[in-house]
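Have a look at the structure below before the remarks.
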Amino acid sequence: MKNRKDVKHAGGAFREGVHELWKNKTLYAMMLPTIVWVAVFCYVPMYGVMIAFKKFSYKEGIWGSPSVGFKNFEFLFHYKGVGRIFFNTIFLNILFIATGTILSIVLALVFVEIKNKVYNKVVQTIAIFPHFVSWTVVAMFLSGIIGGSGTLTKWIIENGGNDPKFYNNPSWWPLILVLLKIWQGAGYGTIVYVAAITGFDQEMYEAARVDGATRLQTITKITLPLLKTTAIMLTIMSIGKIFSGDFGMIYAVIGDTSQLYPTTDVIDTFVYRALRQLNNLGMSTATSLFQSLVGLVMVFATNAITKKVEPDAAIF
Amino acid sequence: MSKTIVKNKKIKKSKGEVIFDVVVYILATLFCVYCLYPFAIILGSSFETEANFATHGFAIIPKEFTTKAYKMVLGDGQIFKAYGVTIFVTVVGTLISMLLTITMAYPLSLKKIKYRNVVTFFVYFTMLFNGGLVPTYLLVSKTLNMKNNIFVLIIPVAFGAWNMFLMRNFFAGIPTELAESAYMDGANDFQILRKIILPVSVPGIATISLFYALGYWNQWFNAMLYIESSDLFPLQYLLMRMLRTVDAMKEMARTTGVAMGEIPANSLRMATTVVAIGPIVLLYPYAQRYFTSGLTVGAIKG
């Protein structure tokens with residue numbers, strides 16, 4: 001008796017589901033192609049992470065390849081220089097976040113203080129533009145500045161310096177990468193801050209001015225304290241992504257220049273190399289799985305922190 | 001903003017205020033110079049005579065002006081082909097992407113869709129966790145066998161979850177009365193989307209299309225992974241090869257009939273770069289406001 005009731009109940013839910021699908025059939029049908037795309041290009045590769053636990057061979061495929069437990073992970077963590085790769089990923093990201101945040105805020109403060117409308121528009125247009133240029137173009141001009149015949153290289157030599165050989169010397173590169181990241185992203189980063197500042201109650205500023213505050217004082221006493229939550233929010237969000245390297249940037253600029261790996265090799269470039277050069281698919285997959293899992297933990301952790309600091313800004 | 005400008009003019013500026021203004025203008029100008037300098041290097045050295053690179057290096061103002069590199073760019077079949085590939089991928093890719101994005105975003109923006117939370121999570125989860133490079137590589141190159149197919153530059157990257165949520169937020173901001181009255185008149189959901197929702201969503205559609213188009217224009221990673229035939233190289237990947245490999249220059253020597261030693265490698269690289277960023281430079285001033293609005297709308301909780 002009981003069983004039949006359950007079946008009937010399940011049937012009811014099923015019928016209800018069919019009814020809902022039928023009632024809005026056009027809308028559900030509309031979503032179908034995209035659902036299929038997501039299933040194929042996002043969920044099928046998730047099944048593929050099994051390669052991390054296998055000794056993968058093309059012939060036998062993902063399912064047929066023999067299982068090796070955590071061997072790939074062991075191999076990864078004993079791989080020479082892997083600590084350096086993890087360190088570079090986090091270290092470079094911290095540099096990018098710190099310099100990017102500070103510069104974006106300073107530039108935003110500067111932009112809103114430019115009262116000449118035309119100049120204001122011109123300045124912001126120029127500052128944001130580099131964000132829309134690809135890293136391959138960046139790699140191109142970088143070679144023209146610090147390459148063998150680069151402007152800077154020639155200038156150093158002409159002024160009696162030694163050839164700095166930038167492309168052979170890894171110690172320069174954290175600085176170079178930071179400068180490139182600023183070039184590409186600091187202007188773009190101001191958009192959010194400029195929007196926030198222009199959204200602040202202007203009466204506050206007028207009142208402060210009437211009381212004799214200088215513009216510098218209105219910045220330090222009104223704008224910066226008000227910007228604090230936005231800045232903290234954005235920083236927390238980027239800390240959630242601290243374990244993923246910017247492959248597009250690093251690979252385009254560094255490529256396979258192995259002399260520079262000590263300071264520039266990050267998890268994402270290593271994953272690519274493990275696939276294309278070392279041809280070690282198991283280790284490559286193990287690395288990205290490890291990275292994904294740490295990333296997932298970071299997102300949830302930073303979200304939990306956000307919830308405490310600024311509940312409205314939490315993602316979930 | 002304009003109110004404060006008027007007020008500032010009325011107040012007589014103190015010395016401190018003047019210094020403040022000067023510092024602000026200098027900082028802004030310096031940053032702009034920093035942003036523009038690389039472009040000046042690219043443009044200047046694209047007109048430089050090749051022999052000067054070894055002696056004088058790259059410069060903003062060429063020592064000896066020549067348009068040889070541009071003549072080669074125009075005469076080279078490969079750069080032309082790469083341009084064609086990039087334009088095709090950008091136009092067709094953006095159309096496909098918008099189709100996939102709108103048809104997902106619109107239903108998810110409607111409260112009457114009971115399973116929208118399930119679907120939303122289905123999409124959202126892919127932003128938190130992904131299979132990574134190797135499984136995707138195997139799927140595309142082996143299972144789907146898309147290597148050396150121009151659509152490998154489009155299909156695997158055709159949909160962006162973040163863009164879809166942005167689009168959904170745009171749709172959700174449209175007053176529901178608009179659709180409801182059409183619904184009363186007997187229109188179906190597809191007609192409502194096409195005749196009512198899309199026309200009022202033009203700014204949102206423009207923003208998202210521009211994000212996608214830019215992504216396609218600047219893309220090189222999938223070409224590096226999946227394309228071996230030089231006929232299908234997009235512009236960005238060709239640039240990368242020109243910078244990194246001798247092969248690319250050899251190929252150019254072959255297609256243009258110029259001897260390998262005669263190729264103005266440095267100025268040719270820069271001239272190709274100019275050609276690659278040209279369209280972005282020309283369109284950007286018109287598109288800028290959409291990018292900024294897209295970013296600020298994106299701040300709305302997903």
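Chain labels follow the order of the structure tokens: the first chain is A, the next B, and so on; residue numbering restarts at 1 in every chain, and ligands are counted from 1 in their shown order.
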
Legend entry - Interface residues on chain B facing chain A, 6 Å, only C-alpha atoms, written as an MDAnalysis selection string: chainID B and resid 24 32 38 54 57:58 100 103:104 107 130:132 134:136 218 240

Inset, instruction - Give me the residues within 12 Å of B:Leu239 as an MDAnalysis selection string, counting only C-alpha atoms and dropping any in the same chain fewer than 5 places off. - result: (chainID A and resid 134:141 252) or (chainID B and resid 78:79 82:83 218:220 223:224 233:234 244:245 248:249 265:266 268:277)

Legend entry - DSSP helix (DSSP H, G or I) residues within stretch 58-171 of chain B, as a PyMOL selection string: chain B and resi 68-75+77-108+116-128+133-143+150-153+155-157+161-171

Inset, instruction - Just give me the gap between atom CA of B:Gly173 and atom CA of B:Ser109 in Å, one decimal is fine. - result: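 Separation of atom CA of B:Gly173 and atom CA of B:Ser109: 8.9 Å.
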
Inset, instruction - Mind checking which residues fall within 9 Å of stretch 227-231 of chain A, counting only C-alpha atoms, ignoring those fewer than 4 positions away in the same chain, and posting them as a PyMOL selection string? - result: chain A and resi 101+105+192-193+196-197+222-223+235-236+309-310

Legend entry - Pick from B:Leu166, B:Leu43, B:Ala172, B:Leu232 nearest to B:Tyr70, counting only C-alpha atoms: B:Leu43
